[in-house]
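Visitor: So I've got this file, query-v5.txt, and it contains compact mmCIF, C-alpha atoms:
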# COMPACT_ATOMS: atom_id res chain seq x y z
CA MET A 1 0.00 0.00 0.00
CA ARG A 2 1.31 3.44 -0.90
CA THR A 3 2.30 5.67 1.98
CA ILE A 4 0.82 9.12 2.30
CA GLY A 5 1.93 12.09 4.35
CA VAL A 6 0.56 15.55 4.99
CA GLU A 7 2.26 18.92 5.41
CA GLU A 8 0.14 21.72 6.89
CA GLU A 9 0.82 25.44 7.18
CA PHE A 10 -0.76 27.42 10.03
CA LEU A 11 -1.19 31.05 11.01
CA LEU A 12 0.20 32.21 14.36
CA VAL A 13 -2.37 34.48 15.98
CA ALA A 14 -2.86 36.63 19.07
CA GLU A 15 -5.92 36.56 21.33
CA ASP A 16 -7.66 39.18 19.15
CA GLY A 17 -7.10 37.06 16.04
CA SER A 18 -4.28 39.19 14.62
CA PRO A 19 -1.37 37.28 13.05
CA ARG A 20 1.79 37.51 15.17
CA ALA A 21 5.35 37.41 13.82
CA VAL A 22 6.66 34.97 16.43
CA ALA A 23 7.69 31.99 14.32
CA ALA A 24 11.30 32.16 15.47
CA ALA A 25 10.30 31.85 19.13
CA VAL A 26 7.84 29.06 18.35
CA LEU A 27 10.44 27.08 16.42
CA GLN A 28 13.06 27.63 19.11
CA HIS A 29 10.75 26.22 21.77
CA ALA A 30 9.74 23.30 19.56
CA SER A 31 13.38 22.50 18.84
CA SER A 32 14.20 22.41 22.54
CA GLN A 33 11.37 19.91 23.03
CA ASP A 34 12.14 17.72 20.02
CA GLY A 35 15.76 16.90 20.94
CA GLU A 36 17.72 14.98 18.33
CA ASP A 37 16.41 15.16 14.79
CA ASP A 38 15.32 12.02 12.97
CA GLY A 39 18.13 11.80 10.46
CA GLY A 40 16.34 13.54 7.62
CA GLU A 41 13.22 11.39 7.59
CA PRO A 42 10.04 13.34 6.80
CA GLY A 43 7.60 14.23 9.53
CA GLY A 44 7.45 15.06 13.18
CA ASN A 45 9.06 18.48 13.54
CA LEU A 46 7.93 22.07 13.08
CA GLU A 47 9.49 24.03 10.24
CA LYS A 48 9.64 27.67 9.20
CA GLU A 49 7.58 29.04 6.36
CA PHE A 50 7.91 32.15 4.20
CA ALA A 51 6.43 34.54 6.76
CA GLN A 52 7.15 34.94 10.44
CA GLU A 53 3.41 34.76 11.12
CA GLN A 54 3.21 31.06 10.23
CA VAL A 55 4.71 27.62 10.81
CA GLU A 56 4.48 24.26 9.07
CA THR A 57 3.97 20.74 10.42
CA SER A 58 4.44 17.42 8.66
CA THR A 59 3.53 13.83 9.34
CA HIS A 60 5.61 10.73 8.84
CA PRO A 61 4.61 8.53 5.89
CA CYS A 62 1.58 6.41 6.84
CA THR A 63 -0.41 3.64 5.21
CA ASP A 64 -3.32 3.62 7.69
CA LEU A 65 -5.75 6.54 7.69
CA GLY A 66 -6.32 6.32 11.43
CA ALA A 67 -2.59 6.56 12.06
CA LEU A 68 -2.35 9.50 9.68
CA LEU A 69 -5.15 11.31 11.54
CA GLU A 70 -3.33 10.75 14.83
CA GLU A 71 -0.18 12.27 13.32
CA VAL A 72 -2.06 15.26 11.91
CA ARG A 73 -3.64 15.96 15.29
CA ALA A 74 -0.37 15.43 17.16
CA GLY A 75 1.39 17.87 14.83
CA ARG A 76 -1.28 20.48 15.42
CA TRP A 77 -1.20 20.06 19.21
CA HIS A 78 2.61 20.16 19.26
CA ALA A 79 2.65 23.34 17.17
CA ASP A 80 0.00 24.99 19.35
CA SER A 81 1.86 24.09 22.54
CA SER A 82 5.01 25.79 21.28
CA ALA A 83 2.96 28.73 19.97
CA GLN A 84 1.46 29.27 23.43
CA HIS A 85 4.96 29.59 24.88
CA ALA A 86 5.41 32.52 22.46
CA GLY A 87 2.08 34.11 23.40
CA ALA A 88 0.19 32.90 20.33
CA ARG A 89 -2.01 30.08 19.05
CA ILE A 90 -2.02 28.21 15.75
CA VAL A 91 -5.06 28.30 13.51
CA ALA A 92 -5.82 26.39 10.32
CA LEU A 93 -7.03 29.29 8.20
CA ALA A 94 -5.63 29.62 4.70
CA THR A 95 -5.77 33.44 4.88
CA SER A 96 -6.18 35.83 7.78
CA PRO A 97 -9.61 37.40 8.40
CA LYS A 98 -7.79 40.45 9.80
CA ASP A 99 -5.68 42.81 7.74
CA VAL A 100 -1.94 42.25 8.17
CA GLU A 101 1.39 43.14 6.60
CA PRO A 102 3.35 39.86 6.61
CA THR A 103 6.95 39.74 7.83
CA VAL A 104 9.35 37.64 5.75
CA VAL A 105 11.53 35.26 7.77
CA VAL A 106 15.17 36.17 8.36
CA ASN A 107 16.59 33.83 5.75
CA ARG A 108 18.75 34.64 2.71
CA ARG A 109 16.64 32.69 0.22
CA ALA A 110 13.36 34.12 1.52
CA GLN A 111 14.78 37.63 1.41
CA ASP A 112 15.97 37.06 -2.17
CA ILE A 113 12.49 35.89 -3.16
CA ALA A 114 10.92 38.93 -1.49
CA ALA A 115 13.25 41.24 -3.40
CA ALA A 116 12.69 39.51 -6.74
CA PHE A 117 8.91 39.17 -6.60
CA ALA A 118 7.89 42.44 -4.91
CA GLN A 119 4.14 42.72 -4.18
CA THR A 120 3.48 39.09 -5.07
CA ALA A 121 5.85 38.04 -2.30
CA ARG A 122 4.58 40.69 0.12
CA ASP A 123 1.05 39.31 -0.16
CA GLN A 124 2.01 35.70 0.59
CA LEU A 125 0.61 35.08 4.02
CA THR A 126 -1.27 32.02 2.82
CA CYS A 127 -1.51 28.52 4.27
CA GLY A 128 -1.81 25.35 2.21
CA CYS A 129 -2.09 21.62 2.74
CA HIS A 130 0.37 19.47 0.78
CA VAL A 131 -0.24 15.74 0.37
CA HIS A 132 2.70 13.46 -0.43
CA VAL A 133 1.90 10.11 -2.02
CA GLU A 134 4.56 7.47 -2.55
CA VAL A 135 5.61 6.54 -6.10
CA ALA A 136 8.04 3.92 -7.36
CA ASP A 137 10.08 6.28 -9.54
CA ASP A 138 9.86 9.47 -11.59
CA GLU A 139 8.10 7.77 -14.50
CA GLU A 140 5.32 6.54 -12.23
CA GLY A 141 5.29 9.95 -10.57
CA VAL A 142 4.66 11.73 -13.85
CA ARG A 143 1.78 9.35 -14.62
CA VAL A 144 0.26 10.37 -11.30
CA VAL A 145 0.91 14.11 -11.84
CA ASP A 146 -0.72 13.97 -15.27
CA HIS A 147 -3.68 11.93 -14.02
CA LEU A 148 -4.37 14.38 -11.19
CA ARG A 149 -4.80 17.36 -13.51
CA ARG A 150 -8.55 17.11 -14.12
CA TRP A 151 -9.27 16.21 -10.48
CA ASN A 152 -7.23 18.86 -8.67
CA PRO A 153 -10.01 21.49 -8.81
CA VAL A 154 -12.33 19.15 -6.90
CA LEU A 155 -9.66 18.70 -4.21
CA LEU A 156 -9.41 22.50 -3.98
CA ALA A 157 -13.19 22.85 -3.59
CA LEU A 158 -13.26 20.29 -0.78
CA SER A 159 -10.48 22.09 1.09
CA ALA A 160 -11.48 25.73 0.38
CA ASN A 161 -10.87 27.67 3.58
CA SER A 162 -9.95 31.27 2.74
CA PRO A 163 -12.98 33.50 2.13
CA PHE A 164 -11.58 36.60 3.89
CA TRP A 165 -8.70 38.80 2.72
CA ARG A 166 -7.33 41.96 4.33
CA GLY A 167 -10.38 42.38 6.53
CA ASP A 168 -13.00 41.88 3.81
CA ASP A 169 -15.01 39.02 2.34
CA SER A 170 -13.23 38.26 -0.93
CA GLY A 171 -16.28 36.65 -2.54
CA TYR A 172 -14.19 33.50 -3.06
CA GLU A 173 -14.23 30.24 -1.15
CA SER A 174 -10.45 29.94 -1.69
CA PHE A 175 -8.86 33.32 -2.12
CA ARG A 176 -5.55 31.75 -1.10
CA SER A 177 -5.43 30.02 -4.48
CA GLN A 178 -5.89 33.37 -6.23
CA VAL A 179 -3.05 34.98 -4.29
CA TRP A 180 -0.85 31.91 -4.67
CA GLY A 181 -1.55 31.82 -8.39
CA ARG A 182 0.44 35.04 -8.88
CA TRP A 183 3.71 33.09 -8.66
CA PRO A 184 5.01 32.48 -12.20
CA THR A 185 5.04 28.67 -11.92
CA ALA A 186 1.89 28.18 -9.82
CA GLY A 187 -1.18 26.27 -10.91
CA ALA A 188 -2.15 23.82 -13.61
CA THR A 189 0.30 22.38 -16.11
CA ALA A 190 0.04 20.72 -19.48
CA PRO A 191 0.52 16.92 -19.46
CA PHE A 192 4.20 15.98 -19.27
CA GLY A 193 3.93 12.44 -20.62
CA ASP A 194 7.24 11.19 -19.23
CA ALA A 195 9.90 11.98 -16.68
CA ALA A 196 12.36 13.34 -19.24
CA THR A 197 9.86 15.99 -20.36
CA TYR A 198 9.09 16.88 -16.74
CA ARG A 199 12.78 17.31 -15.90
CA GLU A 200 13.44 19.32 -19.06
CA THR A 201 10.49 21.61 -18.27
CA VAL A 202 11.76 22.25 -14.76
CA ARG A 203 15.29 22.85 -16.06
CA SER A 204 13.97 25.36 -18.61
CA LEU A 205 11.97 27.23 -15.95
CA VAL A 206 15.03 27.60 -13.73
CA GLU A 207 17.28 28.58 -16.63
CA SER A 208 14.79 31.27 -17.63
CA GLY A 209 16.15 33.26 -14.70
CA THR A 210 12.63 34.02 -13.50
CA ILE A 211 12.61 31.66 -10.52
CA LEU A 212 15.49 31.19 -8.12
CA ASP A 213 15.66 27.40 -8.05
CA THR A 214 13.66 24.17 -8.36
CA GLY A 215 12.08 24.85 -4.96
CA MET A 216 10.05 27.58 -6.68
CA VAL A 217 8.34 25.14 -9.03
CA TYR A 218 4.87 25.58 -7.58
CA PHE A 219 2.79 23.29 -9.82
CA ASP A 220 -0.53 22.04 -8.41
CA ALA A 221 1.19 18.64 -8.31
CA ARG A 222 4.90 18.05 -8.69
CA LEU A 223 7.60 15.45 -8.17
CA SER A 224 9.09 15.98 -4.73
CA ALA A 225 12.75 17.00 -4.76
CA ARG A 226 13.27 15.49 -1.28
CA TYR A 227 11.26 12.27 -1.13
CA PRO A 228 10.10 9.49 -3.51
CA THR A 229 6.66 11.06 -3.72
CA VAL A 230 4.32 13.18 -5.76
CA GLU A 231 3.48 16.32 -3.80
CA VAL A 232 -0.07 17.61 -4.37
CA ARG A 233 -0.09 21.30 -3.46
CA VAL A 234 -3.47 22.52 -4.70
CA ALA A 235 -5.38 22.52 -1.39
CA ASP A 236 -5.99 25.15 1.25
CA VAL A 237 -5.02 24.10 4.76
CA CYS A 238 -8.09 22.34 6.12
CA LEU A 239 -9.89 23.72 9.15
CA ASP A 240 -10.80 20.24 10.40
CA PRO A 241 -8.03 17.63 10.79
CA GLU A 242 -10.19 14.85 9.34
CA ASP A 243 -10.44 16.78 6.07
CA ALA A 244 -6.66 16.77 5.64
CA VAL A 245 -6.69 12.97 5.97
CA LEU A 246 -9.60 12.76 3.54
CA LEU A 247 -7.50 14.63 0.99
CA GLY A 248 -4.71 12.13 1.59
CA ALA A 249 -7.02 9.18 1.00
CA LEU A 250 -8.40 10.67 -2.22
CA VAL A 251 -4.91 11.50 -3.52
CA ARG A 252 -3.76 7.95 -2.84
CA GLY A 253 -6.86 6.65 -4.61
CA LEU A 254 -6.06 8.84 -7.61
CA ALA A 255 -2.44 7.69 -7.63
CA ASP A 256 -3.43 4.02 -7.54
CA THR A 257 -6.02 4.62 -10.26
CA ALA A 258 -3.44 6.36 -12.45
CA VAL A 259 -0.96 3.51 -12.17
CA ASP A 260 -3.71 0.95 -12.78
CA GLY A 261 -4.59 2.65 -16.06
CA GLY A 262 -7.82 4.14 -14.78
CA ASP A 263 -7.70 6.98 -17.30
CA HIS A 264 -8.29 4.72 -20.30
CA ASP A 265 -12.06 5.22 -20.19
CA LEU A 266 -11.85 8.99 -19.70
CA ALA A 267 -12.00 11.72 -22.28
CA PRO A 268 -8.62 12.89 -23.59
CA GLN A 269 -6.51 14.94 -21.21
CA PRO A 270 -8.01 18.43 -20.84
CA ARG A 271 -6.01 21.39 -22.03
CA ALA A 272 -4.24 23.50 -19.42
CA GLU A 273 -6.66 26.35 -20.17
CA GLU A 274 -9.61 24.11 -19.25
CA VAL A 275 -7.98 22.99 -16.01
CA ARG A 276 -7.23 26.60 -15.07
CA VAL A 277 -10.87 27.54 -15.63
CA ALA A 278 -12.01 24.60 -13.50
CA GLY A 279 -9.58 25.66 -10.78
CA TRP A 280 -10.86 29.23 -10.85
CA ARG A 281 -14.43 27.98 -10.59
CA ALA A 282 -13.51 25.83 -7.59
CA ALA A 283 -11.80 28.79 -5.91
CA ARG A 284 -14.77 31.08 -6.53
CA SER A 285 -17.66 28.89 -5.41
CA GLY A 286 -16.10 25.86 -3.73
CA LEU A 287 -18.85 23.53 -2.56
CA ALA A 288 -21.43 26.33 -2.49
CA GLY A 289 -22.19 26.39 -6.23
CA ASP A 290 -21.40 24.64 -9.49
CA LEU A 291 -18.04 23.13 -10.35
CA VAL A 292 -16.68 22.17 -13.74
CA SER A 293 -17.21 18.44 -14.20
CA PRO A 294 -13.86 16.60 -14.46
CA LEU A 295 -15.52 14.21 -16.91
CA THR A 296 -17.47 16.50 -19.25
CA ALA A 297 -15.92 19.96 -18.63
CA ARG A 298 -19.46 21.31 -18.17
CA PRO A 299 -20.99 22.95 -15.08
CA VAL A 300 -22.50 20.55 -12.55
CA PRO A 301 -23.51 20.91 -8.90
CA ALA A 302 -20.49 20.60 -6.62
CA ALA A 303 -21.84 17.42 -5.04
CA GLN A 304 -21.98 15.79 -8.48
CA ALA A 305 -18.36 16.67 -9.25
CA VAL A 306 -17.33 15.23 -5.89
CA ASP A 307 -19.34 12.09 -6.64
CA GLU A 308 -17.56 11.76 -9.99
CA LEU A 309 -14.23 11.82 -8.17
CA VAL A 310 -15.31 9.24 -5.60
CA ARG A 311 -16.74 6.90 -8.25
CA HIS A 312 -13.53 7.22 -10.23
CA VAL A 313 -11.36 6.09 -7.32
CA THR A 314 -13.80 3.60 -5.75
CA PRO A 315 -12.00 0.45 -7.04
CA ALA A 316 -8.71 1.75 -5.63
CA LEU A 317 -10.33 2.70 -2.29
CA GLU A 318 -11.91 -0.74 -2.06
CA ARG A 319 -8.53 -2.43 -2.50
CA THR A 320 -6.94 -0.38 0.28
CA GLY A 321 -9.99 -0.72 2.54
CA ASP A 322 -10.37 3.08 2.63
CA LEU A 323 -13.80 3.35 1.01
CA PRO A 324 -15.97 3.21 4.18
CA TRP A 325 -13.76 5.79 5.93
CA VAL A 326 -13.81 8.09 2.90
CA ARG A 327 -17.57 7.88 2.50
CA GLU A 328 -18.21 8.53 6.19
CA HIS A 329 -15.90 11.53 6.42
CA LEU A 330 -16.90 12.95 3.07
CA ASP A 331 -20.54 12.86 4.14
CA ALA A 332 -19.56 14.69 7.33
CA LEU A 333 -17.67 17.35 5.35
CA LEU A 334 -20.56 17.93 2.96
CA ARG A 335 -23.02 18.25 5.88
CA ARG A 336 -21.00 20.80 7.90
CA GLY A 337 -19.31 22.47 4.94
CA ASN A 338 -15.69 23.13 4.14
CA GLY A 339 -13.71 25.74 6.07
CA ALA A 340 -14.94 28.64 3.97
CA GLN A 341 -18.58 27.71 4.54
CA GLN A 342 -17.99 27.37 8.28
CA GLN A 343 -16.24 30.73 8.48
CA ARG A 344 -19.06 32.48 6.64
CA ARG A 345 -21.64 30.76 8.84
CA TRP A 346 -19.85 32.01 11.95
CA ARG A 347 -19.75 35.51 10.49
CA HIS A 348 -23.49 35.32 9.73
CA GLU A 349 -24.06 34.31 13.36
CA GLY A 350 -22.40 37.56 14.44
CA ALA A 351 -18.82 36.49 15.16
CA ASP A 352 -16.33 39.34 14.86
CA ASP A 353 -12.75 38.65 13.75
CA ALA A 354 -11.55 37.66 17.22
CA GLU A 355 -14.46 35.29 17.84
CA LEU A 356 -14.18 33.79 14.36
CA VAL A 357 -10.50 33.02 14.94
CA ARG A 358 -11.23 31.59 18.41
CA ARG A 359 -13.77 29.20 16.89
CA ALA A 360 -11.30 28.29 14.19
CA VAL A 361 -8.61 27.53 16.80
CA ARG A 362 -11.02 25.11 18.50
CA SER A 363 -11.73 23.37 15.19
CA THR A 364 -8.02 23.25 14.37
CA LEU A 365 -7.30 21.34 17.59
CA ALA A 366 -10.43 19.15 17.61
Show me, as structure tokens, the structure contained in the file I just sent.
Guide:
Amino acid sequence: MRTIGVEEEFLLVAEDGSPRAVAAAVLQHASSQDGEDDGGEPGGNLEKEFAQEQVETSTHPCTDLGALLEEVRAGRWHADSSAQHAGARIVALATSPKDVEPTVVVNRRAQDIAAAFAQTARDQLTCGCHVHVEVADDEEGVRVVDHLRRWNPVLLALSANSPFWRGDDSGYESFRSQVWGRWPTAGATAPFGDAATYRETVRSLVESGTILDTGMVYFDARLSARYPTVEVRVADVCLDPEDAVLLGALVRGLADTAVDGGDHDLAPQPRAEEVRVAGWRAARSGLAGDLVSPLTARPVPAAQAVDELVRHVTPALERTGDLPWVREHLDALLRRGNGAQQQRRWRHEGADDAELVRRAVRSTLA
């Protein structure tokens, strides 16, 4: 069974919900608690992110969904414990409801990025959820990356958790994806076909002089430079920990389906323009309106697009034994709504910024 792992980015916030630039203190405390590192294996420790108002957690590779959920929760609790020592809390919101001017971490590469990308970099206080799924080699990885293309917008809609931007309602379910999409390499790609084409594309992007290095290849799904995995980067950080694990299960199902030749009965690969439109639609309306069908490229209710995804990966989920878990937790997500729907519901109930963030902290650590 393929392993899956999850990386999550979180905001660091004060009691009034304002982001706080205390990442250095949080990481210092976490490091003093962690002791010896694990020799370079993924998972377990807190890491810095681009801004001082955020931190990142990661799980170890897991095969069992229950174990993965335990790791996700443990990472969140560990991060929050260290944040409290710095006078803050962590919260799984993909953008801040309160206006803020982010502070870039004191790091040469981050400072170089900030200088090169100006306002795009200055706006990047955004938090994503990255799913790593194990692959045998780069050739298999490219098959998975290509197969994911038409399905990534549905994953974004399920995870959408960033309706507010600089103190206002953006009108989007995932405004993070709109801000993130300003990076020159972000978003949907054309099909690569094979590993050689993927590597040549990445080489060409770096040699263009526009991005600093391969770490700035921000495709919706990419081959990991550190691990034998495909890294799926399309999602907002999920408000509820179970939703992060649900993403992991669906990504593994898609990877297994890709390798098993599950795209043979599908329409030809959509063009990059079509995938970008589907991604924009998912960012705009999430689960609250229509999505672009991954099968027909026509508008359908969001629940139908989600059902198309689940039906597509059902044989793979049956083989891993994940199908009952996925159905149960997907039903729960659709009943309560994704993070964006929950945030707007809290706002409608009268929650100000501070109360909204307090509720989100409770959900983050549930």
Visitor: Residues within 8 Å of Glu56 in chain A, please, as a VMD selection string. Count all atoms listed in the file; anything in the same chain fewer than 2 positions from it doesn't count.
Guide: chain A and resid 7 to 10 46 to 49 54 58
Visitor: Export C-alpha atoms of the chosen residues as a compact mmCIF listing (two decimals), in the frame of the given file?
Guide:
# COMPACT_ATOMS: atom_id res chain seq x y z
CA GLU A 7 2.26 18.92 5.41
CA GLU A 8 0.14 21.72 6.89
CA GLU A 9 0.82 25.44 7.18
CA PHE A 10 -0.76 27.42 10.03
CA LEU A 46 7.93 22.07 13.08
CA GLU A 47 9.49 24.03 10.24
CA LYS A 48 9.64 27.67 9.20
CA GLU A 49 7.58 29.04 6.36
CA GLN A 54 3.21 31.06 10.23
CA SER A 58 4.44 17.42 8.66
Visitor: Can you measure CA of Ala25 in chain A to CA of Val13 in chain A for me? One decimal in Å is fine.
Guide: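 Calculated distance between CA of Ala25 in chain A and CA of Val13 in chain A is 13.3 Å.
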Visitor: Near range 203-207 of chain A, counting all atoms listed in the file, which residues have an atom at most 9 Å away, once you skip same-chain residues fewer than 5 positions from it, shown as a ChimeraX atom specification?
Guide: /A:185,198,212-214,216-217
Visitor: Residues near Arg252 in chain A, anyone? I mean within 12 Å using only C-alpha atoms, not counting same-chain ones fewer than 6 positions away, as a VMD selection string.
Guide: chain A and resid 1 to 6 62 to 65 131 to 135 144 to 145 147 to 148 229 to 232 245 to 246 258 to 259 310 313 to 323 326
Visitor: Of the residues A:Leu291, A:Leu333, A:Leu155, A:Ala354, which is the one nearest to Leu254 in chain A, using only C-alpha atoms?
Guide: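 Among A:Leu291, A:Leu333, A:Leu155, A:Ala354, it is A:Leu155 that comes nearest to Leu254 in chain A.
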Visitor: Restricting the calculation to only C-alpha atoms, which member of A:Ser18, A:Gln343, A:Ser159, A:Thr296 is positioned closest to Glu101 in chain A?
Guide: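 Checking each candidate against Glu101 in chain A, we get A:Ser18 as the closest.
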Visitor: Just checking: using all atoms listed in the file, which residue out of A:Ala94, A:Val22, A:Leu223, A:Ala188 ends up closest to Phe175 in chain A?
Guide: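 For Phe175 in chain A, the nearest of the given residues is A:Ala94.
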Visitor: So which one's closest to Asp80 in chain A, A:Val106, A:Ala221, A:Ala288, A:Leu365? Using all atoms listed in the file, please.
Guide: A:Leu365
Visitor: Skip Arg336 in chain A itself and residues of its chain fewer than 3 positions away, then list as a compact mmCIF listing (two decimals) with C-alpha atoms, in the frame of the given file all residues within 12 Å of it, counting only C-alpha atoms.
Guide:
# COMPACT_ATOMS: atom_id res chain seq x y z
CA LEU A 158 -13.26 20.29 -0.78
CA LEU A 239 -9.89 23.72 9.15
CA ASP A 240 -10.80 20.24 10.40
CA ASP A 243 -10.44 16.78 6.07
CA LEU A 287 -18.85 23.53 -2.56
CA ALA A 288 -21.43 26.33 -2.49
CA HIS A 329 -15.90 11.53 6.42
CA LEU A 330 -16.90 12.95 3.07
CA ASP A 331 -20.54 12.86 4.14
CA ALA A 332 -19.56 14.69 7.33
CA LEU A 333 -17.67 17.35 5.35
CA GLY A 339 -13.71 25.74 6.07
CA ALA A 340 -14.94 28.64 3.97
CA GLN A 341 -18.58 27.71 4.54
CA GLN A 342 -17.99 27.37 8.28
CA GLN A 343 -16.24 30.73 8.48
CA ARG A 344 -19.06 32.48 6.64
CA ARG A 345 -21.64 30.76 8.84
CA TRP A 346 -19.85 32.01 11.95
Visitor: Which is closest to Leu12 in chain A among A:Gln178, A:Gln28, A:Gln33, A:Thr95, if we use only C-alpha atoms?
Guide: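 Of all the options, A:Thr95 lies closest to Leu12 in chain A.
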Visitor: If you count all atoms listed in the file, which residues fall within 10 Å of Phe50 in chain A, apart from same-chain ones fewer than 5 positions away, as a list in words?
Guide: Val55, Glu56, Pro102, Thr103, Val104, Val105, Val106, Asn107, Arg109, Ala110, Gln111, Ile113, Ala114, Ala121, Gln124, Leu125 and Thr126 of chain A
Visitor: Counting only C-alpha atoms, which residues come within 7 Å of (1.7, 21.3, -3.6), with the point read in the file's coordinates, and could you list them as a VMD selection string?
Guide: chain A and resid 130 218 to 222 231 to 234
Visitor: Rank nothing, just name the residue among A:His60, A:Arg311, A:His78, A:Arg226 nearest to Leu250 in chain A, using all atoms listed in the file.
Guide: A:Arg311
Visitor: Give me, please, the distance in Å between CA of Leu69 in chain A and CA of Arg335 in chain A, quoted to one decimal.
Guide: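 Computing the Euclidean distance for CA of Leu69 in chain A and CA of Arg335 in chain A yields 20.0 Å.
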Visitor: N, CA and C atoms are what I want for range 55-75 of chain A; can you complete it accordingly and write them as a PDB file, in the coordinates of the input?
Guide:
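part_16.pdb written:
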ATOM      1  N   VAL A  55       3.831  28.772  10.685  1.00  0.00           N
ATOM      2  CA  VAL A  55       4.710  27.620  10.810  1.00  0.00           C
ATOM      3  C   VAL A  55       4.107  26.467  10.027  1.00  0.00           C
ATOM      4  N   GLU A  56       4.918  25.435   9.833  1.00  0.00           N
ATOM      5  CA  GLU A  56       4.480  24.260   9.070  1.00  0.00           C
ATOM      6  C   GLU A  56       4.737  22.994   9.874  1.00  0.00           C
ATOM      7  N   THR A  57       3.788  22.069   9.834  1.00  0.00           N
ATOM      8  CA  THR A  57       3.970  20.740  10.420  1.00  0.00           C
ATOM      9  C   THR A  57       3.991  19.711   9.297  1.00  0.00           C
ATOM     10  N   SER A  58       4.476  18.521   9.630  1.00  0.00           N
ATOM     11  CA  SER A  58       4.440  17.420   8.660  1.00  0.00           C
ATOM     12  C   SER A  58       4.307  16.104   9.403  1.00  0.00           C
ATOM     13  N   THR A  59       3.650  15.165   8.774  1.00  0.00           N
ATOM     14  CA  THR A  59       3.530  13.830   9.340  1.00  0.00           C
ATOM     15  C   THR A  59       4.622  12.926   8.784  1.00  0.00           C
ATOM     16  N   HIS A  60       4.813  11.788   9.434  1.00  0.00           N
ATOM     17  CA  HIS A  60       5.610  10.730   8.840  1.00  0.00           C
ATOM     18  C   HIS A  60       4.765  10.035   7.766  1.00  0.00           C
ATOM     19  N   PRO A  61       5.388   9.295   6.861  1.00  0.00           N
ATOM     20  CA  PRO A  61       4.610   8.530   5.890  1.00  0.00           C
ATOM     21  C   PRO A  61       3.769   7.469   6.599  1.00  0.00           C
ATOM     22  N   CYS A  62       2.512   7.361   6.225  1.00  0.00           N
ATOM     23  CA  CYS A  62       1.580   6.410   6.840  1.00  0.00           C
ATOM     24  C   CYS A  62       0.865   5.618   5.763  1.00  0.00           C
ATOM     25  N   THR A  63       0.467   4.411   6.103  1.00  0.00           N
ATOM     26  CA  THR A  63      -0.410   3.640   5.210  1.00  0.00           C
ATOM     27  C   THR A  63      -1.837   3.625   5.736  1.00  0.00           C
ATOM     28  N   ASP A  64      -2.006   3.707   7.054  1.00  0.00           N
ATOM     29  CA  ASP A  64      -3.320   3.620   7.690  1.00  0.00           C
ATOM     30  C   ASP A  64      -3.889   5.012   7.922  1.00  0.00           C
ATOM     31  N   LEU A  65      -5.149   5.224   7.550  1.00  0.00           N
ATOM     32  CA  LEU A  65      -5.750   6.540   7.690  1.00  0.00           C
ATOM     33  C   LEU A  65      -5.911   6.956   9.141  1.00  0.00           C
ATOM     34  N   GLY A  66      -6.214   5.997  10.017  1.00  0.00           N
ATOM     35  CA  GLY A  66      -6.320   6.320  11.430  1.00  0.00           C
ATOM     36  C   GLY A  66      -5.004   6.803  11.999  1.00  0.00           C
ATOM     37  N   ALA A  67      -3.915   6.138  11.603  1.00  0.00           N
ATOM     38  CA  ALA A  67      -2.590   6.560  12.060  1.00  0.00           C
ATOM     39  C   ALA A  67      -2.243   7.945  11.517  1.00  0.00           C
ATOM     40  N   LEU A  68      -2.621   8.194  10.264  1.00  0.00           N
ATOM     41  CA  LEU A  68      -2.350   9.500   9.680  1.00  0.00           C
ATOM     42  C   LEU A  68      -3.115  10.586  10.430  1.00  0.00           C
ATOM     43  N   LEU A  69      -4.366  10.325  10.789  1.00  0.00           N
ATOM     44  CA  LEU A  69      -5.150  11.310  11.540  1.00  0.00           C
ATOM     45  C   LEU A  69      -4.512  11.580  12.901  1.00  0.00           C
ATOM     46  N   GLU A  70      -4.014  10.539  13.553  1.00  0.00           N
ATOM     47  CA  GLU A  70      -3.330  10.750  14.830  1.00  0.00           C
ATOM     48  C   GLU A  70      -2.110  11.652  14.655  1.00  0.00           C
ATOM     49  N   GLU A  71      -1.359  11.448  13.570  1.00  0.00           N
ATOM     50  CA  GLU A  71      -0.180  12.270  13.320  1.00  0.00           C
ATOM     51  C   GLU A  71      -0.559  13.722  13.004  1.00  0.00           C
ATOM     52  N   VAL A  72      -1.609  13.897  12.220  1.00  0.00           N
ATOM     53  CA  VAL A  72      -2.060  15.260  11.910  1.00  0.00           C
ATOM     54  C   VAL A  72      -2.442  15.986  13.194  1.00  0.00           C
ATOM     55  N   ARG A  73      -3.225  15.336  14.035  1.00  0.00           N
ATOM     56  CA  ARG A  73      -3.640  15.960  15.290  1.00  0.00           C
ATOM     57  C   ARG A  73      -2.439  16.222  16.200  1.00  0.00           C
ATOM     58  N   ALA A  74      -1.548  15.253  16.296  1.00  0.00           N
ATOM     59  CA  ALA A  74      -0.370  15.430  17.160  1.00  0.00           C
ATOM     60  C   ALA A  74       0.481  16.600  16.686  1.00  0.00           C
ATOM     61  N   GLY A  75       0.628  16.747  15.366  1.00  0.00           N
ATOM     62  CA  GLY A  75       1.390  17.870  14.830  1.00  0.00           C
ATOM     63  C   GLY A  75       0.753  19.198  15.164  1.00  0.00           C
TER      64      GLY A  75
END
